[in-house]
>>> print(open('model.pdb').read())   # PDB, C-alpha atoms
ATOM      1  CA  MET A   1     -26.943 -21.116 -30.233
ATOM      2  CA  PRO A   2     -25.303 -17.926 -31.533
ATOM      3  CA  THR A   3     -24.785 -19.211 -35.042
ATOM      4  CA  PRO A   4     -24.819 -16.409 -37.621
ATOM      5  CA  ARG A   5     -28.190 -16.256 -39.225
ATOM      6  CA  ASP A   6     -27.048 -15.989 -42.811
ATOM      7  CA  ARG A   7     -25.157 -19.216 -42.425
ATOM      8  CA  TRP A   8     -28.316 -20.981 -41.344
ATOM      9  CA  LEU A   9     -30.217 -19.466 -44.210
ATOM     10  CA  ASP A  10     -27.846 -20.897 -46.770
ATOM     11  CA  GLU A  11     -29.856 -22.516 -49.548
ATOM     12  CA  GLU A  12     -28.192 -25.815 -48.907
ATOM     13  CA  ALA A  13     -29.718 -25.905 -45.461
ATOM     14  CA  GLY A  14     -32.548 -27.888 -46.994
ATOM     15  CA  PRO A  15     -36.282 -27.857 -46.440
ATOM     16  CA  VAL A  16     -36.255 -29.448 -42.997
ATOM     17  CA  VAL A  17     -33.735 -27.224 -41.271
ATOM     18  CA  ARG A  18     -34.812 -24.041 -42.944
ATOM     19  CA  PRO A  19     -38.156 -23.397 -41.212
ATOM     20  CA  TYR A  20     -36.499 -23.635 -37.804
ATOM     21  CA  ALA A  21     -33.491 -21.674 -38.919
ATOM     22  CA  LEU A  22     -35.638 -18.801 -40.063
ATOM     23  CA  ILE A  23     -37.350 -18.618 -36.714
ATOM     24  CA  ARG A  24     -33.918 -18.835 -35.100
ATOM     25  CA  GLY A  25     -34.618 -21.952 -33.161
ATOM     26  CA  ARG A  26     -37.548 -20.457 -31.285
ATOM     27  CA  THR A  27     -40.269 -22.930 -30.455
ATOM     28  CA  ARG A  28     -42.715 -20.668 -28.671
ATOM     29  CA  PRO A  29     -44.048 -17.407 -30.052
ATOM     30  CA  SER A  30     -44.103 -14.377 -27.816
ATOM     31  CA  GLY A  31     -47.458 -13.301 -26.480
ATOM     32  CA  GLU A  32     -50.691 -15.252 -26.372
ATOM     33  CA  SER A  33     -51.202 -18.383 -28.429
ATOM     34  CA  LEU A  34     -53.055 -17.961 -31.683
ATOM     35  CA  ASP A  35     -56.050 -20.165 -32.243
ATOM     36  CA  LEU A  36     -56.081 -22.341 -35.356
ATOM     37  CA  ILE A  37     -59.133 -20.482 -36.580
ATOM     38  CA  ALA A  38     -58.004 -16.973 -35.679
ATOM     39  CA  ILE A  39     -58.276 -14.822 -38.798
ATOM     40  CA  ILE A  40     -55.203 -12.942 -39.941
ATOM     41  CA  THR A  41     -55.309  -9.958 -42.257
ATOM     42  CA  ALA A  42     -52.327  -8.027 -43.575
ATOM     43  CA  VAL A  43     -52.510  -4.370 -42.662
ATOM     44  CA  ARG A  44     -52.892  -2.371 -45.862
ATOM     45  CA  GLY A  45     -50.425   0.240 -46.916
ATOM     46  CA  VAL A  46     -47.647  -0.903 -44.582
ATOM     47  CA  ARG A  47     -44.557  -2.633 -45.910
ATOM     48  CA  GLY A  48     -42.331  -4.942 -43.948
ATOM     49  CA  ASP A  49     -38.617  -4.222 -43.807
ATOM     50  CA  PRO A  50     -36.780  -6.781 -45.979
ATOM     51  CA  VAL A  51     -33.733  -6.478 -43.734
ATOM     52  CA  GLU A  52     -35.702  -7.488 -40.653
ATOM     53  CA  LEU A  53     -37.993 -10.021 -42.245
ATOM     54  CA  ASP A  54     -37.462 -13.287 -44.089
ATOM     55  CA  PRO A  55     -39.116 -14.359 -47.348
ATOM     56  CA  GLU A  56     -41.503 -16.523 -45.323
ATOM     57  CA  HIS A  57     -42.770 -13.459 -43.486
ATOM     58  CA  PHE A  58     -43.549 -11.872 -46.834
ATOM     59  CA  ALA A  59     -45.199 -15.086 -48.014
ATOM     60  CA  VAL A  60     -47.496 -14.873 -44.974
ATOM     61  CA  LEU A  61     -48.270 -11.224 -45.728
ATOM     62  CA  ARG A  62     -49.124 -12.068 -49.341
ATOM     63  CA  LEU A  63     -51.451 -14.899 -48.310
ATOM     64  CA  CYS A  64     -53.328 -12.823 -45.782
ATOM     65  CA  ARG A  65     -54.067  -9.873 -48.018
ATOM     66  CA  LEU A  66     -57.471 -11.482 -47.792
ATOM     67  CA  PRO A  67     -58.541 -12.601 -44.307
ATOM     68  CA  THR A  68     -57.108 -16.099 -43.774
ATOM     69  CA  SER A  69     -57.134 -18.491 -40.842
ATOM     70  CA  VAL A  70     -53.954 -19.610 -39.089
ATOM     71  CA  ALA A  71     -54.646 -23.231 -40.122
ATOM     72  CA  GLU A  72     -54.970 -22.256 -43.773
ATOM     73  CA  LEU A  73     -51.772 -20.237 -43.668
ATOM     74  CA  ALA A  74     -49.859 -23.246 -42.308
ATOM     75  CA  ALA A  75     -51.359 -25.553 -44.939
ATOM     76  CA  ASP A  76     -50.772 -23.116 -47.813
ATOM     77  CA  LEU A  77     -47.176 -22.427 -46.789
ATOM     78  CA  ASN A  78     -46.586 -26.113 -46.065
ATOM     79  CA  LEU A  79     -44.945 -25.116 -42.804
ATOM     80  CA  PRO A  80     -45.540 -26.609 -39.373
ATOM     81  CA  LEU A  81     -48.087 -24.748 -37.300
ATOM     82  CA  GLY A  82     -45.507 -23.786 -34.658
ATOM     83  CA  VAL A  83     -43.326 -22.098 -37.262
ATOM     84  CA  VAL A  84     -46.261 -20.166 -38.671
ATOM     85  CA  ARG A  85     -47.256 -18.978 -35.199
ATOM     86  CA  ILE A  86     -43.778 -17.577 -34.647
ATOM     87  CA  LEU A  87     -43.776 -15.844 -38.038
ATOM     88  CA  LEU A  88     -47.142 -14.333 -37.120
ATOM     89  CA  ALA A  89     -45.827 -13.170 -33.748
ATOM     90  CA  ASP A  90     -42.982 -11.389 -35.567
ATOM     91  CA  LEU A  91     -45.469  -9.701 -37.887
ATOM     92  CA  ARG A  92     -47.736  -8.774 -35.013
ATOM     93  CA  GLU A  93     -44.832  -7.148 -33.160
ATOM     94  CA  ARG A  94     -44.273  -4.970 -36.215
ATOM     95  CA  SER A  95     -47.992  -4.176 -36.558
ATOM     96  CA  LEU A  96     -48.060  -5.657 -40.051
ATOM     97  CA  ILE A  97     -51.088  -7.870 -39.440
ATOM     98  CA  SER A  98     -54.388  -7.630 -37.666
ATOM     99  CA  ILE A  99     -55.683 -10.634 -35.757
ATOM    100  CA  HIS A 100     -59.289 -11.516 -35.224
ATOM    101  CA  HIS A 101     -59.656 -14.058 -32.415
ATOM    102  CA  PRO A 102     -62.511 -16.529 -32.735
ATOM    103  CA  ILE A 103     -65.506 -16.051 -30.472
ATOM    104  CA  PRO A 104     -66.390 -19.152 -28.419
ATOM    105  CA  PRO A 105     -69.754 -20.480 -29.670
ATOM    106  CA  ALA A 106     -71.523 -19.875 -26.368
ATOM    107  CA  ARG A 107     -70.488 -16.214 -26.492
ATOM    108  CA  LEU A 108     -71.575 -15.507 -30.038
ATOM    109  CA  PRO A 109     -73.427 -12.208 -30.034
ATOM    110  CA  ASP A 110     -76.260 -13.742 -31.979
ATOM    111  CA  PRO A 111     -77.290 -17.390 -31.556
ATOM    112  CA  ARG A 112     -78.962 -17.159 -34.950
ATOM    113  CA  ILE A 113     -75.480 -17.550 -36.417
ATOM    114  CA  LEU A 114     -75.523 -21.221 -35.439
ATOM    115  CA  ARG A 115     -78.965 -21.618 -36.954
ATOM    116  CA  GLU A 116     -77.475 -20.143 -40.100
ATOM    117  CA  VAL A 117     -74.677 -22.692 -39.995
ATOM    118  CA  ALA A 118     -77.147 -25.583 -39.728
ATOM    119  CA  ASP A 119     -79.238 -24.180 -42.599
ATOM    120  CA  GLY A 120     -76.129 -23.510 -44.662
ATOM    121  CA  LEU A 121     -74.956 -27.103 -44.184
ATOM    122  CA  ARG A 122     -78.319 -28.443 -45.317
ATOM    123  CA  ARG A 123     -77.964 -26.494 -48.549
ATOM    124  CA  LEU A 124     -74.527 -27.962 -49.329
TER     125      LEU A 124
ATOM    126  CA  MET B 125     -59.634 -23.039 -52.294
ATOM    127  CA  ALA B 126     -61.296 -19.734 -53.048
ATOM    128  CA  TYR B 127     -61.657 -17.198 -50.332
ATOM    129  CA  ALA B 128     -65.365 -16.920 -50.696
ATOM    130  CA  GLY B 129     -65.591 -15.614 -47.159
ATOM    131  CA  SER B 130     -63.785 -12.429 -47.970
ATOM    132  CA  ASP B 131     -64.417  -9.317 -49.898
ATOM    133  CA  ARG B 132     -62.550  -8.777 -53.143
ATOM    134  CA  SER B 133     -63.995  -5.334 -53.795
ATOM    135  CA  GLY B 134     -61.619  -3.611 -51.400
ATOM    136  CA  ARG B 135     -64.359  -2.588 -49.008
ATOM    137  CA  PRO B 136     -63.421  -3.484 -45.412
ATOM    138  CA  ALA B 137     -64.797  -6.917 -44.622
ATOM    139  CA  GLY B 138     -67.182  -7.358 -41.687
ATOM    140  CA  VAL B 139     -66.352  -9.283 -38.556
ATOM    141  CA  PRO B 140     -65.435 -12.810 -39.561
ATOM    142  CA  VAL B 141     -67.087 -15.589 -37.576
ATOM    143  CA  THR B 142     -65.200 -18.869 -37.539
ATOM    144  CA  ILE B 143     -66.611 -22.030 -36.032
ATOM    145  CA  LYS B 144     -64.631 -25.135 -35.202
ATOM    146  CA  ILE B 145     -65.858 -28.704 -35.195
ATOM    147  CA  LEU B 146     -63.700 -31.693 -34.299
ATOM    148  CA  ILE B 147     -63.937 -35.055 -35.989
ATOM    149  CA  ALA B 148     -62.760 -37.677 -33.505
ATOM    150  CA  GLY B 149     -62.824 -41.442 -33.153
ATOM    151  CA  GLY B 150     -60.461 -44.360 -33.192
ATOM    152  CA  PHE B 151     -57.793 -45.055 -35.757
ATOM    153  CA  GLY B 152     -59.408 -46.082 -39.050
ATOM    154  CA  ALA B 153     -62.925 -45.056 -38.011
ATOM    155  CA  GLY B 154     -63.235 -42.784 -41.066
ATOM    156  CA  LYS B 155     -62.231 -39.347 -39.781
ATOM    157  CA  THR B 156     -60.261 -38.405 -42.885
ATOM    158  CA  THR B 157     -62.991 -39.826 -45.113
ATOM    159  CA  LEU B 158     -65.648 -37.750 -43.390
ATOM    160  CA  VAL B 159     -63.699 -34.479 -43.607
ATOM    161  CA  GLY B 160     -62.844 -35.231 -47.235
ATOM    162  CA  SER B 161     -66.412 -36.046 -48.227
ATOM    163  CA  VAL B 162     -67.847 -32.699 -47.129
ATOM    164  CA  THR B 163     -65.011 -30.374 -48.080
ATOM    165  CA  GLU B 164     -61.637 -30.150 -49.716
ATOM    166  CA  ILE B 165     -59.205 -31.733 -47.288
ATOM    167  CA  ARG B 166     -55.935 -30.030 -46.433
ATOM    168  CA  PRO B 167     -53.052 -31.452 -44.497
ATOM    169  CA  LEU B 168     -51.827 -29.424 -41.577
ATOM    170  CA  ARG B 169     -48.488 -30.188 -39.955
ATOM    171  CA  THR B 170     -47.592 -29.540 -36.409
ATOM    172  CA  GLU B 171     -44.368 -30.422 -34.667
ATOM    173  CA  GLU B 172     -44.753 -31.953 -31.248
ATOM    174  CA  PRO B 173     -42.264 -33.090 -28.634
ATOM    175  CA  LEU B 174     -41.305 -36.680 -29.057
ATOM    176  CA  SER B 175     -42.734 -38.685 -26.184
ATOM    177  CA  GLU B 176     -41.418 -41.991 -24.917
ATOM    178  CA  PRO B 177     -43.961 -44.300 -26.572
ATOM    179  CA  SER B 178     -43.456 -42.749 -29.990
ATOM    180  CA  THR B 179     -39.700 -43.192 -29.735
ATOM    181  CA  GLN B 180     -40.412 -46.850 -30.158
ATOM    182  CA  VAL B 181     -42.592 -46.241 -33.183
ATOM    183  CA  ASP B 182     -40.612 -43.712 -35.191
ATOM    184  CA  ASN B 183     -37.506 -44.958 -36.856
ATOM    185  CA  LEU B 184     -34.820 -42.712 -35.499
ATOM    186  CA  GLN B 185     -31.929 -44.337 -37.249
ATOM    187  CA  GLY B 186     -29.742 -41.672 -38.762
ATOM    188  CA  VAL B 187     -31.650 -38.887 -37.064
ATOM    189  CA  GLU B 188     -29.585 -37.535 -34.238
ATOM    190  CA  ARG B 189     -31.185 -35.904 -31.243
ATOM    191  CA  LYS B 190     -34.580 -35.709 -32.834
ATOM    192  CA  THR B 191     -36.782 -34.136 -30.212
ATOM    193  CA  THR B 192     -39.956 -33.468 -32.108
ATOM    194  CA  THR B 193     -42.180 -35.488 -34.345
ATOM    195  CA  THR B 194     -44.596 -34.332 -36.987
ATOM    196  CA  VAL B 195     -48.283 -34.781 -36.322
ATOM    197  CA  ALA B 196     -50.484 -34.427 -39.371
ATOM    198  CA  LEU B 197     -54.015 -33.211 -38.942
ATOM    199  CA  ASP B 198     -56.711 -33.134 -41.565
ATOM    200  CA  PHE B 199     -58.678 -30.000 -41.829
ATOM    201  CA  GLY B 200     -61.198 -28.488 -44.167
ATOM    202  CA  ARG B 201     -63.219 -25.327 -44.434
ATOM    203  CA  ILE B 202     -66.854 -24.963 -45.353
ATOM    204  CA  THR B 203     -67.932 -21.453 -46.284
ATOM    205  CA  ILE B 204     -71.471 -20.832 -45.126
ATOM    206  CA  ARG B 205     -71.547 -17.247 -46.380
ATOM    207  CA  ASP B 206     -69.287 -14.214 -46.451
ATOM    208  CA  ASN B 207     -67.576 -13.961 -43.067
ATOM    209  CA  LEU B 208     -69.052 -17.202 -41.746
ATOM    210  CA  SER B 209     -66.916 -20.306 -42.077
ATOM    211  CA  LEU B 210     -66.948 -23.700 -40.478
ATOM    212  CA  TYR B 211     -63.634 -25.458 -39.901
ATOM    213  CA  LEU B 212     -63.391 -29.199 -39.482
ATOM    214  CA  PHE B 213     -60.390 -30.718 -37.766
ATOM    215  CA  GLY B 214     -59.700 -34.428 -37.684
ATOM    216  CA  THR B 215     -58.111 -35.264 -34.352
ATOM    217  CA  PRO B 216     -54.913 -37.297 -34.351
ATOM    218  CA  GLY B 217     -55.932 -40.923 -33.926
ATOM    219  CA  GLN B 218     -53.080 -42.198 -31.831
ATOM    220  CA  GLU B 219     -53.377 -41.720 -28.113
ATOM    221  CA  ARG B 220     -49.799 -40.493 -27.889
ATOM    222  CA  PHE B 221     -51.015 -37.215 -29.387
ATOM    223  CA  TRP B 222     -53.694 -36.843 -26.781
ATOM    224  CA  PHE B 223     -52.268 -33.546 -25.503
ATOM    225  CA  MET B 224     -52.987 -31.947 -28.874
ATOM    226  CA  TRP B 225     -56.668 -32.360 -28.301
ATOM    227  CA  ASP B 226     -56.793 -29.617 -25.698
ATOM    228  CA  GLU B 227     -55.679 -27.060 -28.222
ATOM    229  CA  LEU B 228     -58.049 -28.395 -30.858
ATOM    230  CA  ALA B 229     -60.979 -28.524 -28.440
ATOM    231  CA  ARG B 230     -60.509 -24.997 -27.142
ATOM    232  CA  GLY B 231     -63.451 -22.952 -28.304
ATOM    233  CA  ALA B 232     -64.879 -25.772 -30.409
ATOM    234  CA  LEU B 233     -68.593 -25.781 -31.082
ATOM    235  CA  GLY B 234     -68.619 -29.533 -30.713
ATOM    236  CA  ALA B 235     -67.352 -32.846 -31.943
ATOM    237  CA  VAL B 236     -68.370 -35.795 -34.041
ATOM    238  CA  VAL B 237     -67.179 -39.092 -32.573
ATOM    239  CA  LEU B 238     -66.977 -41.614 -35.365
ATOM    240  CA  ALA B 239     -67.580 -45.169 -34.287
ATOM    241  CA  ASP B 240     -66.756 -48.362 -36.119
ATOM    242  CA  THR B 241     -68.969 -51.126 -34.767
ATOM    243  CA  ARG B 242     -66.254 -53.689 -35.420
ATOM    244  CA  ARG B 243     -64.040 -51.826 -32.944
ATOM    245  CA  LEU B 244     -66.474 -49.903 -30.824
ATOM    246  CA  ALA B 245     -64.106 -49.667 -27.858
ATOM    247  CA  ASP B 246     -61.771 -47.506 -29.967
ATOM    248  CA  CYS B 247     -64.083 -44.530 -29.565
ATOM    249  CA  PHE B 248     -64.390 -44.794 -25.754
ATOM    250  CA  PRO B 249     -61.499 -42.378 -25.132
ATOM    251  CA  SER B 250     -63.066 -39.756 -27.430
ATOM    252  CA  VAL B 251     -66.459 -40.088 -25.753
ATOM    253  CA  ASP B 252     -64.838 -39.748 -22.317
ATOM    254  CA  TYR B 253     -62.844 -36.734 -23.409
ATOM    255  CA  PHE B 254     -65.826 -34.730 -24.633
ATOM    256  CA  GLU B 255     -68.088 -35.849 -21.789
ATOM    257  CA  GLN B 256     -65.606 -34.725 -19.156
ATOM    258  CA  ARG B 257     -65.158 -31.320 -20.751
ATOM    259  CA  HIS B 258     -68.841 -30.771 -21.459
ATOM    260  CA  ILE B 259     -68.142 -30.289 -25.135
ATOM    261  CA  PRO B 260     -71.255 -31.057 -27.181
ATOM    262  CA  PHE B 261     -70.796 -34.207 -29.239
ATOM    263  CA  VAL B 262     -72.708 -36.687 -31.332
ATOM    264  CA  VAL B 263     -71.775 -40.269 -32.121
ATOM    265  CA  ALA B 264     -71.795 -41.125 -35.813
ATOM    266  CA  VAL B 265     -71.703 -44.846 -36.487
ATOM    267  CA  ASN B 266     -69.822 -45.286 -39.728
ATOM    268  CA  CYS B 267     -71.535 -48.181 -41.482
ATOM    269  CA  PHE B 268     -68.668 -50.019 -43.120
ATOM    270  CA  GLU B 269     -69.514 -52.472 -45.842
ATOM    271  CA  GLY B 270     -69.561 -56.011 -44.563
ATOM    272  CA  ALA B 271     -69.771 -54.914 -40.949
ATOM    273  CA  ARG B 272     -72.732 -56.110 -38.942
ATOM    274  CA  ARG B 273     -75.385 -53.400 -38.523
ATOM    275  CA  TYR B 274     -76.374 -52.423 -35.021
ATOM    276  CA  ARG B 275     -79.355 -50.449 -33.854
ATOM    277  CA  PRO B 276     -78.600 -47.054 -32.285
ATOM    278  CA  ASP B 277     -80.001 -48.412 -29.000
ATOM    279  CA  SER B 278     -77.386 -51.135 -28.852
ATOM    280  CA  VAL B 279     -74.625 -48.635 -29.621
ATOM    281  CA  ARG B 280     -75.947 -46.301 -26.914
ATOM    282  CA  LYS B 281     -75.936 -49.137 -24.417
ATOM    283  CA  ALA B 282     -72.488 -50.323 -25.428
ATOM    284  CA  LEU B 283     -71.056 -46.805 -25.127
ATOM    285  CA  ASP B 284     -73.070 -46.037 -21.994
ATOM    286  CA  LEU B 285     -74.267 -42.768 -23.554
ATOM    287  CA  GLU B 286     -76.722 -40.388 -21.957
ATOM    288  CA  PRO B 287     -80.112 -40.445 -23.686
ATOM    289  CA  GLU B 288     -79.724 -36.854 -24.969
ATOM    290  CA  ILE B 289     -76.546 -37.612 -26.947
ATOM    291  CA  PRO B 290     -77.581 -38.095 -30.585
ATOM    292  CA  ILE B 291     -76.474 -41.252 -32.374
ATOM    293  CA  ILE B 292     -76.555 -41.208 -36.173
ATOM    294  CA  MET B 293     -75.874 -43.948 -38.653
ATOM    295  CA  CYS B 294     -73.736 -42.640 -41.491
ATOM    296  CA  ASP B 295     -71.551 -43.532 -44.415
ATOM    297  CA  ALA B 296     -68.579 -41.180 -44.179
ATOM    298  CA  ARG B 297     -67.803 -41.659 -47.878
ATOM    299  CA  TYR B 298     -70.842 -39.668 -48.944
ATOM    300  CA  ALA B 299     -71.044 -35.901 -48.684
ATOM    301  CA  SER B 300     -74.774 -35.997 -47.974
ATOM    302  CA  SER B 301     -74.247 -38.372 -45.078
ATOM    303  CA  GLY B 302     -71.343 -36.400 -43.623
ATOM    304  CA  ARG B 303     -73.334 -33.202 -43.960
ATOM    305  CA  ASP B 304     -76.303 -34.742 -42.100
ATOM    306  CA  VAL B 305     -73.991 -35.679 -39.239
ATOM    307  CA  LEU B 306     -72.733 -32.090 -39.015
ATOM    308  CA  VAL B 307     -76.283 -30.724 -39.057
ATOM    309  CA  VAL B 308     -77.240 -33.013 -36.160
ATOM    310  CA  LEU B 309     -74.201 -31.812 -34.207
ATOM    311  CA  VAL B 310     -74.915 -28.111 -34.793
ATOM    312  CA  GLU B 311     -78.570 -28.610 -33.789
ATOM    313  CA  HIS B 312     -77.486 -30.526 -30.701
ATOM    314  CA  ALA B 313     -75.037 -27.774 -29.692
ATOM    315  CA  LEU B 314     -77.761 -25.167 -30.228
ATOM    316  CA  GLN B 315     -80.139 -27.108 -28.026
ATOM    317  CA  LEU B 316     -77.572 -27.409 -25.239
ATOM    318  CA  MET B 317     -76.855 -23.698 -25.384
ATOM    319  CA  SER B 318     -80.472 -22.806 -24.986
ATOM    320  CA  GLY B 319     -80.841 -25.447 -22.274
ATOM    321  CA  PRO B 320     -79.780 -25.494 -18.614
ATOM    322  CA  PRO B 321     -77.259 -22.763 -17.760
ATOM    323  CA  ASP B 322     -74.592 -25.196 -16.535
ATOM    324  CA  ARG B 323     -74.351 -26.613 -20.012
ATOM    325  CA  ALA B 324     -74.365 -23.228 -21.698
ATOM    326  CA  THR B 325     -70.652 -22.812 -21.156
ATOM    327  CA  ALA B 326     -69.823 -25.928 -23.147
ATOM    328  CA  GLY B 327     -67.019 -25.320 -25.556
ATOM    329  CA  LEU B 328     -65.682 -22.293 -23.740
ATOM    330  CA  PRO B 329     -61.953 -22.152 -23.201
ATOM    331  CA  SER B 330     -61.050 -23.750 -19.908
ATOM    332  CA  ARG B 331     -58.566 -21.067 -18.924
TER     333      ARG B 331
END
>>> encode(input="model.pdb", output="structure tokens")
Amino acid sequence: MPTPRDRWLDEEAGPVVRPYALIRGRTRPSGESLDLIAIITAVRGVRGDPVELDPEHFAVLRLCRLPTSVAELAADLNLPLGVVRILLADLRERSLISIHHPIPPARLPDPRILREVADGLRRL
Amino acid sequence: MAYAGSDRSGRPAGVPVTIKILIAGGFGAGKTTLVGSVTEIRPLRTEEPLSEPSTQVDNLQGVERKTTTTVALDFGRITIRDNLSLYLFGTPGQERFWFMWDELARGALGAVVLADTRRLADCFPSVDYFEQRHIPFVVAVNCFEGARRYRPDSVRKALDLEPEIPIIMCDARYASSGRDVLVVLVEHALQLMSGPPDRATAGLPSR
């Protein structure tokens, strides 16, 4: 729907409409799907353009100054996962974040990592 | 939650390793309790298309053309050390969210299937799911107060489980018990990976 964006972003739009308004009604991010435990890190020394990006994009960038998983970003921002994935796709397009995809357990370079996990759990 | 897995000194952090474990089982089997006993629990929202069965469940009065519904997942993170974190995800209990499991299961190390002996049949779908996809899993029998205790053998027979699938008795309310369940799962997954090659691909993405 070609509704002007600023109209959708009116503060009275409310908390339910707003997340979908800011991603302009998109339900699928461009590119490959991001795993829940992919780690996102903001690229240092690069600033997003406030004209192109919404406050939520900047909120994501602030949260992932330290490496943060997709699931944690969604929980911290209190936004649905789908919305966060689209925000991340926008940031990826602008090279503002780096993404570290999780390695499937059977392909871990060192199986000792899993031994470490078991030992670490025992120490909890 | 502190980001213990990252480096605050400004030095580039090493390669982060993230490991995913699913906590499955029937509705009310203790999935949320288990995640919450071992780590700080955090709600995660995901919007999913509204399917026919759920149309009957959700009250749509006053909501016009609602095409998605919110599915809440529990998740928690356990930091093993810098750059090594374990993520627990409670699977949505209702079968109408079944399709979400594929995303959750992709790349998972394994799963804990929580069983409630008062409603043992409730965990059949979870057991089937992980068996069919060769995802390592263990069955944790949550010993509810007042429920009759069963021996692991009886549970194995009732669930028709292969002898190599570990069965553990647990009390999901206690961190030590939840932690023991996770240790058994990680050990089991390790054993499968070092076992026959056809099982070594367990947990790999299917695509």
>>> resolve_selection(input="model.pdb", expression="the PyMOL selection byres ((chain A and resi 104) around 6)", output="list in words")
Ile103, Pro105, Ala106 and Arg107 of chain A; Gly231 and Leu328 of chain B
>>> write_last_selection(input="model.pdb", atoms="C-alpha atoms", output="CSV table (one decimal), in the coordinates of the input")
chain,number,residue,atom,x,y,z
A,103,ILE,CA,-65.5,-16.1,-30.5
A,105,PRO,CA,-69.8,-20.5,-29.7
A,106,ALA,CA,-71.5,-19.9,-26.4
A,107,ARG,CA,-70.5,-16.2,-26.5
B,231,GLY,CA,-63.5,-23.0,-28.3
B,328,LEU,CA,-65.7,-22.3,-23.7
>>> residues_near_point(input="model.pdb", point="(-56.1, -20.0, -44.0)", cutoff="9 Å", atoms="all atoms listed in the file", output="list in words")
Leu36, Ile37, Ile39, Ile40, Leu63, Cys64, Pro67, Thr68, Ser69, Val70, Ala71, Glu72, Leu73, Ala74, Ala75 and Asp76 of chain A; Tyr127 and Arg201 of chain B
>>> closest_residue(input="model.pdb", among="B:Val279, B:Asp284, B:Ala235, B:Ala245", to="Val310 of chain B", atoms="only C-alpha atoms")
B:Ala235
>>> resolve_selection(input="model.pdb", expression="the PyMOL selection byres ((chain A and resi 101) around 6)", output="list in words")
Ala38, His100 and Pro102 of chain A
>>> write_last_selection(input="model.pdb", atoms="C-alpha atoms", output="short mmCIF file (atom, residue, chain, number, x, y, z; two decimals), keeping the file's coordinate frame")
data_model
loop_
_atom_site.label_atom_id
_atom_site.label_comp_id
_atom_site.auth_asym_id
_atom_site.auth_seq_id
_atom_site.Cartn_x
_atom_site.Cartn_y
_atom_site.Cartn_z
CA ALA A 38 -58.00 -16.97 -35.68
CA HIS A 100 -59.29 -11.52 -35.22
CA PRO A 102 -62.51 -16.53 -32.74
#
>>> closest_residue(input="model.pdb", among="B:Met224, B:Leu233, B:Asn207, B:Val159", to="Leu66 of chain A", atoms="only C-alpha atoms")
B:Asn207
>>> closest_residue(input="model.pdb", among="A:Ile97, A:Val46, A:Ser33, A:Leu81", to="chain B", atoms="all atoms listed in the file")
A:Leu81
>>> atom_distance(input="model.pdb", atom1="atom CA of Leu61 of chain A", atom2="atom CA of Gly82 of chain A")
17.0 Å
>>> atom_distance(input="model.pdb", atom1="atom CA of His312 of chain B", atom2="atom CA of Glu286 of chain B")
13.2 Å
>>> residues_around(input="model.pdb", residues="segment 267-274 of chain B", least_positions_apart="2", cutoff="8 Å", atoms="all atoms listed in the file", output="VMD selection string")
chain B and resid 240 to 242 265 276 278 to 279 293 to 295
>>> atom_distance(input="model.pdb", atom1="atom CA of Leu124 of chain A", atom2="atom CA of Ser300 of chain B")
8.2 Å
>>> residues_around(input="model.pdb", residues="Leu314 of chain B", least_positions_apart="6", cutoff="10 Å", atoms="only C-alpha atoms", output="list of chain:residue names")
A:Pro105, A:Ala106, A:Pro111, A:Arg112, A:Leu114, A:Arg115, A:Ala118, B:Leu233, B:Pro260, B:Val308, B:Ala324
>>> residues_around(input="model.pdb", residues="Glu288 of chain B", least_positions_apart="6", cutoff="12 Å", atoms="all atoms listed in the file", output="list in words")
Pro260, Phe261, Val262, Val263, Arg280, Leu309, His312, Ala313, Gln315, Leu316 and Gly319 of chain B
>>> residues_around(input="model.pdb", residues="Lys281 of chain B", least_positions_apart="6", cutoff="12 Å", atoms="only C-alpha atoms", output="VMD selection string")
chain B and resid 244 274 to 275 287 289 291
>>> resolve_selection(input="model.pdb", expression="the PyMOL selection byres ((chain B and resi 252) around 12)", output="count of residues only")
23
